[in-house]
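*Asks:* Below you'll find final-v5.cif; it's mmCIF, C-alpha atoms.
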```
data_data
#
loop_
_atom_site.label_atom_id
_atom_site.label_comp_id
_atom_site.auth_asym_id
_atom_site.auth_seq_id
_atom_site.Cartn_x
_atom_site.Cartn_y
_atom_site.Cartn_z
CA MET C 29 12.21 -53.89 -3.28
CA SER C 30 9.07 -52.17 -4.51
CA LEU C 31 8.12 -50.18 -1.42
CA ASP C 32 7.92 -46.55 -2.51
CA THR C 33 10.67 -45.08 -0.35
CA ALA C 34 11.62 -42.26 -2.68
CA GLY C 35 9.02 -39.96 -1.15
CA PRO C 36 5.27 -39.49 -1.44
CA GLY C 37 4.02 -40.35 -4.87
CA ALA C 38 7.38 -41.71 -6.11
CA PRO C 39 8.30 -45.40 -6.24
CA ALA C 40 11.78 -46.62 -5.32
CA GLY C 41 13.04 -46.33 -8.86
CA GLY C 42 12.35 -42.59 -8.92
CA ARG C 43 9.61 -42.70 -11.57
CA PRO C 44 6.57 -40.53 -10.90
CA GLY C 45 3.87 -42.42 -9.06
CA PRO C 46 0.23 -41.68 -8.35
CA ALA C 47 -0.35 -38.43 -6.49
CA PRO C 48 -1.27 -39.46 -2.96
CA GLU C 49 -4.31 -38.15 -1.18
CA PRO C 50 -3.40 -36.76 2.25
CA ASP C 51 -4.22 -38.94 5.23
CA ASP C 52 -6.42 -36.18 6.64
CA GLN C 53 -8.54 -36.49 3.52
CA VAL C 54 -8.93 -40.22 4.16
CA VAL C 55 -9.88 -39.47 7.78
CA ALA C 56 -12.47 -36.90 6.67
CA ARG C 57 -14.02 -39.38 4.24
CA VAL C 58 -14.16 -42.07 6.93
CA GLU C 59 -15.80 -39.67 9.38
CA ALA C 60 -18.38 -38.58 6.81
CA THR C 61 -19.15 -42.19 5.93
CA VAL C 62 -19.57 -43.26 9.57
CA THR C 63 -21.66 -40.18 10.41
CA ALA C 64 -24.04 -40.82 7.51
CA TYR C 65 -24.38 -44.47 8.50
CA LEU C 66 -25.10 -43.65 12.15
CA GLN C 67 -27.71 -41.08 11.14
CA ARG C 68 -29.47 -43.66 9.03
CA ARG C 69 -29.46 -46.24 11.80
CA ARG C 70 -30.71 -43.65 14.30
CA ALA C 71 -33.97 -43.49 12.37
CA GLU C 72 -34.45 -47.20 13.07
CA ALA C 73 -33.66 -46.67 16.75
CA GLU C 74 -36.29 -43.91 16.85
CA GLN C 75 -38.90 -46.41 15.70
CA VAL C 76 -38.11 -48.55 18.74
CA HIS C 77 -38.40 -45.62 21.18
CA PRO C 78 -37.15 -42.04 21.43
CA ALA C 79 -35.17 -42.99 24.54
CA PHE C 80 -33.30 -45.63 22.56
CA ALA C 81 -32.61 -43.09 19.82
CA GLY C 82 -31.22 -40.77 22.50
CA ALA C 83 -28.90 -43.52 23.69
CA ALA C 84 -27.81 -44.13 20.09
CA ASP C 85 -27.02 -40.41 19.89
CA VAL C 86 -24.59 -40.82 22.79
CA LEU C 87 -22.92 -43.69 20.94
CA ALA C 88 -22.69 -41.58 17.78
CA ASP C 89 -21.17 -38.69 19.73
CA PHE C 90 -18.68 -41.10 21.28
CA VAL C 91 -17.65 -42.35 17.84
CA ARG C 92 -17.28 -38.85 16.42
CA ALA C 93 -15.52 -37.29 19.43
CA GLY C 94 -11.80 -37.50 18.79
CA GLY C 95 -9.84 -40.56 17.82
CA LYS C 96 -7.17 -40.84 15.15
CA ARG C 97 -9.08 -43.19 12.80
CA LEU C 98 -5.92 -45.29 12.64
CA ARG C 99 -7.72 -48.55 11.96
CA PRO C 100 -9.62 -47.52 8.82
CA THR C 101 -6.61 -45.51 7.65
CA PHE C 102 -4.34 -48.54 7.92
CA ALA C 103 -6.99 -50.63 6.15
CA TRP C 104 -7.41 -48.05 3.36
CA TRP C 105 -3.69 -47.91 2.66
CA GLY C 106 -3.51 -51.68 2.90
CA TRP C 107 -6.13 -51.78 0.15
CA ARG C 108 -4.24 -49.19 -1.88
CA GLY C 109 -0.95 -51.03 -1.42
CA ALA C 110 -2.56 -54.20 -2.76
CA GLY C 111 -3.61 -52.41 -5.95
CA GLY C 112 -6.90 -50.79 -4.93
CA ASP C 113 -7.82 -47.95 -7.30
CA PRO C 114 -9.10 -44.87 -5.41
CA HIS C 115 -10.85 -43.69 -8.57
CA GLY C 116 -12.37 -47.03 -9.54
CA PRO C 117 -15.82 -48.51 -8.87
CA ASP C 118 -14.57 -50.48 -5.86
CA ALA C 119 -13.33 -47.40 -3.97
CA GLU C 120 -16.59 -46.42 -2.25
CA PRO C 121 -17.44 -49.98 -1.15
CA ALA C 122 -13.89 -50.36 0.17
CA LEU C 123 -14.16 -47.07 2.06
CA SER C 124 -17.46 -48.12 3.62
CA ALA C 125 -16.03 -51.48 4.60
CA VAL C 126 -12.94 -50.07 6.30
CA SER C 127 -15.00 -47.34 7.98
CA ALA C 128 -16.87 -50.06 9.87
CA LEU C 129 -13.68 -50.53 11.89
CA GLU C 130 -14.55 -47.33 13.77
CA LEU C 131 -17.64 -49.06 15.18
CA ILE C 132 -15.55 -52.07 16.20
CA GLN C 133 -13.31 -49.60 18.01
CA ALA C 134 -16.31 -47.99 19.70
CA CYS C 135 -17.48 -51.38 20.97
CA ALA C 136 -14.02 -52.15 22.37
CA LEU C 137 -13.64 -48.78 24.09
CA VAL C 138 -17.11 -48.62 25.63
CA HIS C 139 -16.72 -52.10 27.09
CA ASP C 140 -13.07 -51.57 28.08
CA ASP C 141 -13.97 -48.41 30.01
CA LEU C 142 -16.67 -50.31 31.86
CA ILE C 143 -14.38 -53.24 32.66
CA ASP C 144 -11.67 -50.86 33.91
CA ALA C 145 -14.13 -48.59 35.76
CA SER C 146 -12.65 -45.62 33.91
CA ASP C 147 -14.28 -42.26 34.52
CA THR C 148 -13.05 -40.39 31.46
CA ARG C 149 -12.19 -41.05 27.82
CA ARG C 150 -10.79 -38.33 25.57
CA GLY C 151 -11.40 -35.81 28.32
CA ARG C 152 -15.12 -36.64 28.55
CA PRO C 153 -17.18 -38.91 30.83
CA THR C 154 -17.16 -42.52 29.72
CA VAL C 155 -20.45 -43.98 28.50
CA HIS C 156 -21.26 -45.87 31.70
CA VAL C 157 -20.49 -42.77 33.78
CA GLU C 158 -22.65 -40.60 31.49
CA PHE C 159 -25.69 -42.84 31.94
CA THR C 160 -25.05 -43.30 35.65
CA ASP C 161 -25.20 -39.53 35.99
CA ARG C 162 -28.33 -39.28 33.83
CA HIS C 163 -30.07 -41.88 35.97
CA ARG C 164 -29.12 -40.07 39.16
CA ARG C 165 -30.16 -36.62 37.89
CA ALA C 166 -33.52 -37.94 36.69
CA GLY C 167 -34.23 -39.66 40.00
CA LEU C 168 -34.98 -42.99 38.32
CA ALA C 169 -35.56 -46.20 40.27
CA GLY C 170 -32.78 -48.61 41.19
CA PRO C 171 -29.00 -48.22 41.54
CA SER C 172 -27.67 -45.55 39.18
CA ALA C 173 -24.33 -47.31 38.60
CA ARG C 174 -26.05 -50.56 37.66
CA TYR C 175 -28.16 -48.72 35.10
CA GLY C 176 -25.11 -46.97 33.67
CA ASP C 177 -23.27 -50.28 33.36
CA ALA C 178 -26.25 -51.93 31.64
CA VAL C 179 -26.58 -49.16 29.06
CA ALA C 180 -22.83 -49.24 28.33
CA ILE C 181 -22.98 -52.99 27.71
CA LEU C 182 -25.92 -52.56 25.37
CA LEU C 183 -24.39 -49.64 23.45
CA GLY C 184 -21.12 -51.53 23.06
CA ASP C 185 -23.11 -54.46 21.69
CA LEU C 186 -25.01 -52.09 19.40
CA ALA C 187 -21.72 -50.74 18.03
CA LEU C 188 -20.54 -54.28 17.30
CA ALA C 189 -23.83 -55.23 15.62
CA TRP C 190 -23.84 -52.08 13.50
CA ALA C 191 -20.20 -52.65 12.55
CA ASP C 192 -21.15 -56.06 11.17
CA ASP C 193 -24.10 -54.53 9.36
CA MET C 194 -22.00 -51.73 7.91
CA LEU C 195 -19.53 -54.22 6.46
CA ALA C 196 -22.34 -56.37 5.06
CA GLU C 197 -24.04 -53.34 3.48
CA ALA C 198 -20.86 -51.80 2.04
CA GLY C 199 -21.66 -52.97 -1.47
CA LEU C 200 -18.72 -55.33 -1.84
CA GLY C 201 -18.68 -57.70 -4.77
CA GLY C 202 -19.15 -61.38 -4.08
CA ALA C 203 -15.45 -62.25 -4.33
CA ALA C 204 -14.34 -59.35 -2.14
CA TRP C 205 -16.99 -60.21 0.45
CA SER C 206 -15.88 -63.85 0.51
CA ARG C 207 -12.28 -62.79 1.09
CA ALA C 208 -13.09 -60.14 3.71
CA ARG C 209 -15.53 -62.05 5.87
CA PRO C 210 -13.07 -64.56 7.44
CA VAL C 211 -10.61 -61.75 8.20
CA TRP C 212 -13.36 -59.79 9.93
CA SER C 213 -14.48 -62.85 11.90
CA ALA C 214 -10.95 -63.63 13.06
CA MET C 215 -10.42 -60.02 14.10
CA ARG C 216 -13.51 -59.97 16.31
CA THR C 217 -12.55 -63.21 18.05
CA GLU C 218 -8.99 -61.98 18.63
CA MET C 219 -10.17 -58.63 20.00
CA LEU C 220 -12.56 -60.23 22.49
CA GLY C 221 -10.04 -62.93 23.37
CA GLY C 222 -7.44 -60.26 24.06
CA GLN C 223 -9.87 -58.41 26.32
CA PHE C 224 -10.48 -61.65 28.21
CA LEU C 225 -6.73 -62.21 28.61
CA ASP C 226 -6.35 -58.65 29.90
CA SER C 227 -8.92 -59.33 32.63
CA TRP C 228 -7.35 -62.74 33.31
CA CYS C 229 -3.90 -61.24 33.81
CA GLN C 230 -5.28 -58.34 35.85
CA ALA C 231 -6.87 -60.90 38.18
CA GLY C 232 -3.41 -62.32 38.86
CA ALA C 233 -3.57 -65.46 36.75
CA GLY C 234 -0.48 -64.28 34.88
CA ASP C 235 1.54 -64.58 38.10
CA ASP C 236 1.08 -68.35 38.26
CA PRO C 237 3.93 -70.20 36.46
CA ALA C 238 1.63 -73.21 36.06
CA ARG C 239 -0.64 -71.08 33.88
CA THR C 240 1.97 -69.06 32.03
CA GLY C 241 4.64 -71.63 31.32
CA GLY C 242 7.24 -70.90 33.99
CA PRO C 243 9.25 -67.95 35.29
CA GLY C 244 8.99 -64.89 33.10
CA GLY C 245 5.67 -66.15 31.80
CA ALA C 246 3.86 -63.10 33.15
CA ILE C 247 5.77 -60.91 30.69
CA GLU C 248 4.86 -63.22 27.83
CA ALA C 249 1.24 -63.22 28.99
CA ALA C 250 1.24 -59.40 28.95
CA LEU C 251 2.74 -59.43 25.46
CA ARG C 252 -0.01 -61.80 24.33
CA VAL C 253 -2.56 -59.30 25.60
CA CYS C 254 -0.83 -56.62 23.49
CA ARG C 255 -0.89 -58.91 20.49
CA PHE C 256 -4.57 -59.81 20.59
CA LYS C 257 -6.30 -57.03 22.48
CA THR C 258 -4.64 -54.25 20.53
CA ALA C 259 -2.27 -55.19 17.69
CA ALA C 260 -4.62 -57.58 15.91
CA TYR C 261 -7.55 -55.19 15.51
CA THR C 262 -5.56 -51.95 15.39
CA VAL C 263 -3.02 -52.63 12.64
CA GLU C 264 -2.63 -56.28 11.61
CA ARG C 265 -6.20 -57.23 10.71
CA PRO C 266 -7.13 -53.81 9.26
CA LEU C 267 -4.21 -54.20 6.85
CA HIS C 268 -5.25 -57.79 6.20
CA LEU C 269 -8.83 -56.60 5.57
CA GLY C 270 -7.64 -54.02 3.05
CA ALA C 271 -5.48 -56.63 1.34
CA ALA C 272 -8.38 -59.09 1.21
CA LEU C 273 -10.71 -56.50 -0.33
CA ALA C 274 -8.16 -55.91 -3.09
CA GLY C 275 -7.41 -59.59 -3.66
CA ALA C 276 -3.76 -59.42 -2.54
CA ASP C 277 -1.46 -62.37 -3.01
CA PRO C 278 -0.36 -64.47 0.00
CA ASP C 279 3.11 -62.92 0.13
CA LEU C 280 1.76 -59.41 0.57
CA VAL C 281 -0.76 -60.61 3.15
CA ALA C 282 2.05 -62.27 5.12
CA ALA C 283 4.18 -59.11 4.96
CA TYR C 284 1.26 -56.94 6.05
CA ARG C 285 0.51 -59.23 8.96
CA ARG C 286 4.13 -59.27 10.16
CA PHE C 287 4.34 -55.49 9.83
CA GLY C 288 0.94 -55.05 11.49
CA ALA C 289 1.66 -57.37 14.41
CA ASP C 290 4.97 -55.68 15.22
CA ILE C 291 3.71 -52.12 14.83
CA GLY C 292 0.51 -52.97 16.71
CA VAL C 293 2.40 -54.34 19.70
CA ALA C 294 4.72 -51.31 19.63
CA PHE C 295 1.59 -49.13 19.59
CA GLN C 296 0.32 -50.81 22.75
CA LEU C 297 3.71 -50.60 24.47
CA ARG C 298 3.64 -46.84 23.81
CA ASP C 299 0.15 -46.83 25.30
CA ASP C 300 1.50 -48.62 28.40
CA LEU C 301 4.01 -45.80 28.90
CA LEU C 302 1.37 -43.12 28.34
CA GLY C 303 -0.93 -44.82 30.83
CA VAL C 304 1.59 -44.04 33.57
CA PHE C 305 3.63 -41.11 32.27
CA GLY C 306 1.24 -39.39 29.85
CA ASP C 307 0.04 -35.82 30.20
CA PRO C 308 -3.69 -35.90 31.10
CA GLY C 309 -4.21 -32.74 29.04
CA VAL C 310 -3.05 -34.66 25.98
CA THR C 311 -4.20 -38.23 26.69
CA GLY C 312 -7.64 -37.25 28.04
CA LYS C 313 -7.25 -39.66 30.98
CA PRO C 314 -6.02 -39.06 34.55
CA ALA C 315 -2.30 -39.65 35.12
CA GLY C 316 -1.58 -43.10 36.51
CA ASP C 317 -4.99 -44.57 35.68
CA ASP C 318 -3.42 -47.83 34.49
CA LEU C 319 -1.92 -48.24 37.96
CA ARG C 320 -5.23 -47.53 39.72
CA GLU C 321 -6.94 -50.04 37.45
CA GLY C 322 -4.32 -52.67 38.25
CA LYS C 323 -3.26 -53.12 34.63
CA ARG C 324 -0.64 -55.88 34.32
CA THR C 325 1.06 -54.27 31.36
CA VAL C 326 4.38 -55.29 29.85
CA LEU C 327 5.87 -52.20 31.52
CA VAL C 328 4.68 -53.33 34.95
CA GLU C 329 5.58 -56.99 34.46
CA LEU C 330 9.10 -56.10 33.33
CA ALA C 331 9.55 -53.99 36.46
CA LEU C 332 8.18 -56.64 38.81
CA ASP C 333 10.35 -59.31 37.19
CA ALA C 334 13.45 -57.11 37.54
CA ALA C 335 12.62 -56.40 41.19
CA ARG C 336 12.26 -60.13 41.94
CA ARG C 337 15.47 -61.07 40.15
CA THR C 338 17.57 -58.36 41.79
CA GLY C 339 16.05 -58.45 45.26
CA ARG C 340 14.71 -54.89 45.05
CA ALA C 341 12.02 -55.43 47.67
CA SER C 342 11.26 -51.73 48.25
CA GLU C 343 10.55 -50.99 44.58
CA HIS C 344 8.55 -54.21 44.30
CA ALA C 345 6.41 -53.12 47.27
CA VAL C 346 5.86 -49.66 45.80
CA LEU C 347 4.50 -51.17 42.60
CA THR C 348 2.36 -53.88 44.17
CA ASP C 349 0.89 -51.34 46.59
CA ALA C 350 0.03 -49.00 43.72
CA LEU C 351 -1.50 -51.61 41.44
CA GLY C 352 -5.26 -51.73 41.77
CA ASP C 353 -5.47 -48.94 44.36
CA PRO C 354 -8.39 -46.76 43.20
CA LEU C 355 -7.38 -44.05 45.70
CA LEU C 356 -3.77 -43.83 44.52
CA ASP C 357 -2.78 -40.17 44.81
CA ALA C 358 -0.25 -38.10 42.87
CA GLY C 359 2.49 -38.97 45.33
CA GLY C 360 1.84 -42.68 44.88
CA VAL C 361 1.93 -42.27 41.11
CA ASP C 362 5.26 -40.43 41.36
CA ARG C 363 6.75 -43.17 43.56
CA ALA C 364 5.60 -45.84 41.09
CA ARG C 365 7.10 -43.88 38.22
CA GLU C 366 10.43 -43.66 40.04
CA ALA C 367 10.37 -47.42 40.67
CA LEU C 368 9.62 -48.16 37.02
CA HIS C 369 12.59 -46.03 35.97
CA ALA C 370 14.92 -47.41 38.65
CA LEU C 371 14.14 -51.01 37.67
CA GLY C 372 14.95 -50.29 34.01
CA ALA C 373 11.46 -51.11 32.78
CA VAL C 374 10.91 -47.79 30.99
CA ASP C 375 14.16 -48.08 29.04
CA GLU C 376 13.41 -51.70 28.18
CA VAL C 377 9.95 -50.83 26.84
CA GLU C 378 11.49 -48.07 24.70
CA ARG C 379 14.01 -50.58 23.33
CA ARG C 380 11.25 -53.04 22.52
CA ILE C 381 9.26 -50.34 20.72
CA ALA C 382 12.33 -49.48 18.64
CA ARG C 383 13.06 -53.14 17.79
CA LEU C 384 9.46 -53.88 16.86
CA THR C 385 9.23 -50.77 14.71
CA GLU C 386 12.44 -51.71 12.93
CA SER C 387 11.37 -55.31 12.30
CA GLY C 388 7.91 -54.27 11.17
CA LEU C 389 9.27 -51.73 8.71
CA ALA C 390 11.75 -54.30 7.40
CA ALA C 391 8.89 -56.69 6.61
CA LEU C 392 7.02 -53.93 4.81
CA THR C 393 10.07 -52.77 2.86
CA ALA C 394 10.65 -56.28 1.52
CA ALA C 395 7.10 -56.51 0.18
CA GLN C 396 5.58 -55.59 -3.17
CA VAL C 397 3.55 -52.57 -2.04
CA ALA C 398 1.94 -50.41 -4.70
CA PRO C 399 2.87 -46.71 -4.43
CA PRO C 400 2.14 -44.43 -2.71
CA ALA C 401 0.88 -46.78 0.01
CA GLY C 402 4.33 -47.82 1.21
CA THR C 403 5.24 -44.28 2.12
CA ARG C 404 1.94 -43.73 3.87
CA LEU C 405 2.23 -46.95 5.87
CA VAL C 406 5.71 -46.02 7.06
CA GLU C 407 4.39 -42.63 8.19
CA LEU C 408 1.47 -44.28 9.96
CA ALA C 409 3.84 -46.67 11.73
CA HIS C 410 5.83 -43.76 13.11
CA THR C 411 2.62 -41.95 14.09
CA ALA C 412 1.42 -45.02 15.99
CA THR C 413 4.66 -45.71 17.85
CA ARG C 414 5.85 -42.18 18.64
CA ARG C 415 2.58 -40.59 19.69
CA SER C 416 1.92 -38.65 22.90
CA SER C 417 -1.80 -39.42 23.21
#
```
Could you write out this file's structure as structure tokens?
*Replies:*
Amino acid sequence: MSLDTAGPGAPAGGRPGPAPEPDDQVVARVEATVTAYLQRRRAEAEQVHPAFAGAADVLADFVRAGGKRLRPTFAWWGWRGAGGDPHGPDAEPALSAVSALELIQACALVHDDLIDASDTRRGRPTVHVEFTDRHRRAGLAGPSARYGDAVAILLGDLALAWADDMLAEAGLGGAAWSRARPVWSAMRTEMLGGQFLDSWCQAGAGDDPARTGGPGGAIEAALRVCRFKTAAYTVERPLHLGAALAGADPDLVAAYRRFGADIGVAFQLRDDLLGVFGDPGVTGKPAGDDLREGKRTVLVELALDAARRTGRASEHAVLTDALGDPLLDAGGVDRAREALHALGAVDEVERRIARLTESGLAALTAAQVAPPAGTRLVELAHTATRRSS
């Protein structure tokens, strides 16, 4: 076992390892890199029209406002764990490449908020709400909400286009670019496919055994959403991207992907719990918003399945009445929470998070990870799966 479990900067054998840079330093470098890139691209937007530059400013503010920068941080330590030298000539291109993941995240969030009709993100108005309000205040022609939706679609697309550009302009060598490009392409397809599956399940398609493969298929469908909408582009592919940039061998790539898939799904399961039980002052979103949006999460599907199997009609009715009710009040949220607890779904999700975290860490521990990346990746795994926001 070569994972550096003897503490930061020390490999398993106890010999001194490279002094690790703190994760907050990595985050600061990512933020500086993204900010500089967005400022440069704003100048191009200004040439189109000042109004477009103003819209790009909203996108830039959205990117900079909060967020844990988990995706580029996972990718950076994936690169380091595959032998990337933070002091070598490839460090800055690698940092630029992994920083582009923040723009992928911006695209996903802007579009996801629109699809879910969410009013707030990180305690601030979502992009479509912001431009709906601007349209209304300015007294512009046409429906304000339609304008807000259109701008959000375009800014999400702009974030995706600029993410691609940022990767292409990172200064990667030919071999690194050839290795990274297919990982990036797969990640984008998986992210968008996962978003489609989320909408598909929310529309009720996951309830049909003919579509999901039989009884219990709705739970598996919800897990597939976790896998592709969140895990793939949050942990698994960022690690894979870092490994590809460094030229990792297939065994390390396989270990990273197993670790990333398990930790990424656990991350989303934690998000499912926070979407119902989270503190709005910490999460930045109203309590119970997942219920109002009708999200068919693993948490919800486990509860509905338990209610059907055990004949708990009252709890089943509480949940189905709550799901997709945009006017669901605090009392309705509390009743849904009680049903989720009573049906054992909350405890089961916690058990699944624990099992996935354990299996993911086991895959990482068995791999040949260059120090101090192993220690950092373990810490990031715990951050992702135990968070409160």
*Asks:* For the interface of segment 64-85 of chain C with segment 186-192 of chain C (cut-off 9 Å, counting only C-alpha atoms), please tabulate each contacting residue of segment 64-85 of chain C alongside its nearest pair of atoms and their separation in Å to one decimal, rows sorted by chain and increasing number, as a Markdown table.
*Replies:*
```
| residue | atom | partner | partner_atom | distance |
| --- | --- | --- | --- | --- |
| C:Leu66 | CA | C:Trp190 | CA | 8.6 |
| C:Arg69 | CA | C:Trp190 | CA | 8.3 |
| C:Ala84 | CA | C:Leu186 | CA | 8.5 |
```
*Asks:* Any idea what the distance is between atom CA of Ser172 of chain C and atom CA of His139 of chain C?
*Replies:*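 For atom CA of Ser172 of chain C relative to atom CA of His139 of chain C, the distance reads 17.6 Å.
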*Asks:* On this structure, the PyMOL selection byres ((chain C and resi 355) around 12) would catch which residues? List them as a ChimeraX atom specification, sorted by chain and number.
*Replies:* /C:316-317,319-322,349-354,356-361
*Asks:* Between atom CA of Val91 of chain C and atom CA of Arg255 of chain C, what distance in Å does the model show, to one decimal?
*Replies:* 23.7 Å
*Asks:* Can you work out the spacing between atom CA of Gly245 of chain C and atom CA of Ala331 of chain C in Å, to one decimal?
*Replies:* 13.6 Å
*Asks:* Pick from C:Leu137, C:Leu182, C:Val326, C:Leu267: nearest to Leu405 of chain C, with all atoms listed in the file counted?
*Replies:*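 For Leu405 of chain C, the nearest of the candidates is C:Leu267.
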*Asks:* Can you list what the PyMOL selection byres ((chain C and resi 141) around 12) grabs from this structure, as number ranges by chain?
*Replies:* C: 134-140, 142-150, 152-158, 176-177, 180-181, 184, 223, 313, 317-318, 321
*Asks:* Please put the answer as JSON: centre and edge lengths, in Å with one decimal, of a box along x, y and z that encloses all listed atoms of segment 64-70 of chain C plus 8 Å on each side.
*Replies:*
```
{"center_x": -27.4, "center_y": -43.5, "center_z": 10.9, "size_x": 22.7, "size_y": 21.4, "size_z": 22.8}
```
*Asks:* Taking all atoms listed in the file into account, which of C:Ala271, C:Thr403, C:Ala166, C:Leu371 comes nearest Arg337 of chain C?
*Replies:*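 Looking only at the distances to Arg337 of chain C, the closest residue turns out to be C:Leu371.
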*Asks:* Nearest residue to Gly303 of chain C out of C:Arg286, C:Lys323, C:Arg336, C:His369, using all atoms listed in the file?
*Replies:*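 Ranking C:Arg286, C:Lys323, C:Arg336, C:His369 by distance to Gly303 of chain C, first place goes to C:Lys323.
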*Asks:* Of the candidates C:Asp362, C:Asp333, C:Asp375, C:Asp277, which shows the shortest atom-to-atom distance to Val397 of chain C, using only C-alpha atoms?
*Replies:*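 Distance minimum relative to Val397 of chain C lands on C:Asp277.
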*Asks:* Between C:Arg324, C:Pro278, C:Asp299, C:His115, which one has atoms that come closest to Ala231 of chain C, using only C-alpha atoms?
*Replies:*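 So, comparing all the options, the nearest one is C:Arg324.
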*Asks:* Using the chain letters and numbering of this document, enumerate as number ranges by chain the residues selected by the PyMOL selection byres ((chain C and resi 101) around 12).
*Replies:* C: 49-59, 95-100, 102-108, 122-130, 262-263, 266-267, 269-270, 401, 404-405, 407-409, 411-412
*Asks:* Deliver the residues from the most recent selection as a file, using C-alpha atoms, as a PDB file, in the coordinates of the input.
*Replies:*
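Printed below is result39.pdb as written:
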```pdb
ATOM      1  CA  GLU C  49      -4.310 -38.150  -1.180  1.00  0.00           C
ATOM      2  CA  PRO C  50      -3.400 -36.760   2.250  1.00  0.00           C
ATOM      3  CA  ASP C  51      -4.220 -38.940   5.230  1.00  0.00           C
ATOM      4  CA  ASP C  52      -6.420 -36.180   6.640  1.00  0.00           C
ATOM      5  CA  GLN C  53      -8.540 -36.490   3.520  1.00  0.00           C
ATOM      6  CA  VAL C  54      -8.930 -40.220   4.160  1.00  0.00           C
ATOM      7  CA  VAL C  55      -9.880 -39.470   7.780  1.00  0.00           C
ATOM      8  CA  ALA C  56     -12.470 -36.900   6.670  1.00  0.00           C
ATOM      9  CA  ARG C  57     -14.020 -39.380   4.240  1.00  0.00           C
ATOM     10  CA  VAL C  58     -14.160 -42.070   6.930  1.00  0.00           C
ATOM     11  CA  GLU C  59     -15.800 -39.670   9.380  1.00  0.00           C
ATOM     12  CA  GLY C  95      -9.840 -40.560  17.820  1.00  0.00           C
ATOM     13  CA  LYS C  96      -7.170 -40.840  15.150  1.00  0.00           C
ATOM     14  CA  ARG C  97      -9.080 -43.190  12.800  1.00  0.00           C
ATOM     15  CA  LEU C  98      -5.920 -45.290  12.640  1.00  0.00           C
ATOM     16  CA  ARG C  99      -7.720 -48.550  11.960  1.00  0.00           C
ATOM     17  CA  PRO C 100      -9.620 -47.520   8.820  1.00  0.00           C
ATOM     18  CA  PHE C 102      -4.340 -48.540   7.920  1.00  0.00           C
ATOM     19  CA  ALA C 103      -6.990 -50.630   6.150  1.00  0.00           C
ATOM     20  CA  TRP C 104      -7.410 -48.050   3.360  1.00  0.00           C
ATOM     21  CA  TRP C 105      -3.690 -47.910   2.660  1.00  0.00           C
ATOM     22  CA  GLY C 106      -3.510 -51.680   2.900  1.00  0.00           C
ATOM     23  CA  TRP C 107      -6.130 -51.780   0.150  1.00  0.00           C
ATOM     24  CA  ARG C 108      -4.240 -49.190  -1.880  1.00  0.00           C
ATOM     25  CA  ALA C 122     -13.890 -50.360   0.170  1.00  0.00           C
ATOM     26  CA  LEU C 123     -14.160 -47.070   2.060  1.00  0.00           C
ATOM     27  CA  SER C 124     -17.460 -48.120   3.620  1.00  0.00           C
ATOM     28  CA  ALA C 125     -16.030 -51.480   4.600  1.00  0.00           C
ATOM     29  CA  VAL C 126     -12.940 -50.070   6.300  1.00  0.00           C
ATOM     30  CA  SER C 127     -15.000 -47.340   7.980  1.00  0.00           C
ATOM     31  CA  ALA C 128     -16.870 -50.060   9.870  1.00  0.00           C
ATOM     32  CA  LEU C 129     -13.680 -50.530  11.890  1.00  0.00           C
ATOM     33  CA  GLU C 130     -14.550 -47.330  13.770  1.00  0.00           C
ATOM     34  CA  THR C 262      -5.560 -51.950  15.390  1.00  0.00           C
ATOM     35  CA  VAL C 263      -3.020 -52.630  12.640  1.00  0.00           C
ATOM     36  CA  PRO C 266      -7.130 -53.810   9.260  1.00  0.00           C
ATOM     37  CA  LEU C 267      -4.210 -54.200   6.850  1.00  0.00           C
ATOM     38  CA  LEU C 269      -8.830 -56.600   5.570  1.00  0.00           C
ATOM     39  CA  GLY C 270      -7.640 -54.020   3.050  1.00  0.00           C
ATOM     40  CA  ALA C 401       0.880 -46.780   0.010  1.00  0.00           C
ATOM     41  CA  ARG C 404       1.940 -43.730   3.870  1.00  0.00           C
ATOM     42  CA  LEU C 405       2.230 -46.950   5.870  1.00  0.00           C
ATOM     43  CA  GLU C 407       4.390 -42.630   8.190  1.00  0.00           C
ATOM     44  CA  LEU C 408       1.470 -44.280   9.960  1.00  0.00           C
ATOM     45  CA  ALA C 409       3.840 -46.670  11.730  1.00  0.00           C
ATOM     46  CA  THR C 411       2.620 -41.950  14.090  1.00  0.00           C
ATOM     47  CA  ALA C 412       1.420 -45.020  15.990  1.00  0.00           C
TER      48      ALA C 412
END
```
*Asks:* Here is a test: counting all atoms listed in the file, which residue of C:Val179, C:Arg265, C:Gly388, C:Glu120 is nearest to Glu197 of chain C?
*Replies:*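 With all atoms listed in the file as the atom set, the closest residue is C:Glu120.
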*Asks:* Write a file for segment 108-119 of chain C, containing C-alpha atoms (output as a short mmCIF file (atom, residue, chain, number, x, y, z; two decimals), in the first residue's frame).
*Replies:*
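To be explicit, this is the file written out as out.cif:
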```cif
data_model
loop_
_atom_site.label_atom_id
_atom_site.label_comp_id
_atom_site.auth_asym_id
_atom_site.auth_seq_id
_atom_site.Cartn_x
_atom_site.Cartn_y
_atom_site.Cartn_z
CA ARG C 108 -0.53 15.29 -7.78
CA GLY C 109 -1.28 11.70 -6.81
CA ALA C 110 -0.36 10.59 -10.32
CA GLY C 111 3.06 12.23 -10.04
CA GLY C 112 2.31 15.83 -11.03
CA ASP C 113 5.06 18.18 -9.83
CA PRO C 114 3.63 21.40 -8.31
CA HIS C 115 6.94 23.14 -8.95
CA GLY C 116 7.47 21.88 -12.49
CA PRO C 117 6.65 23.45 -15.87
CA ASP C 118 3.38 21.52 -16.16
CA ALA C 119 1.91 22.90 -12.92
#
```
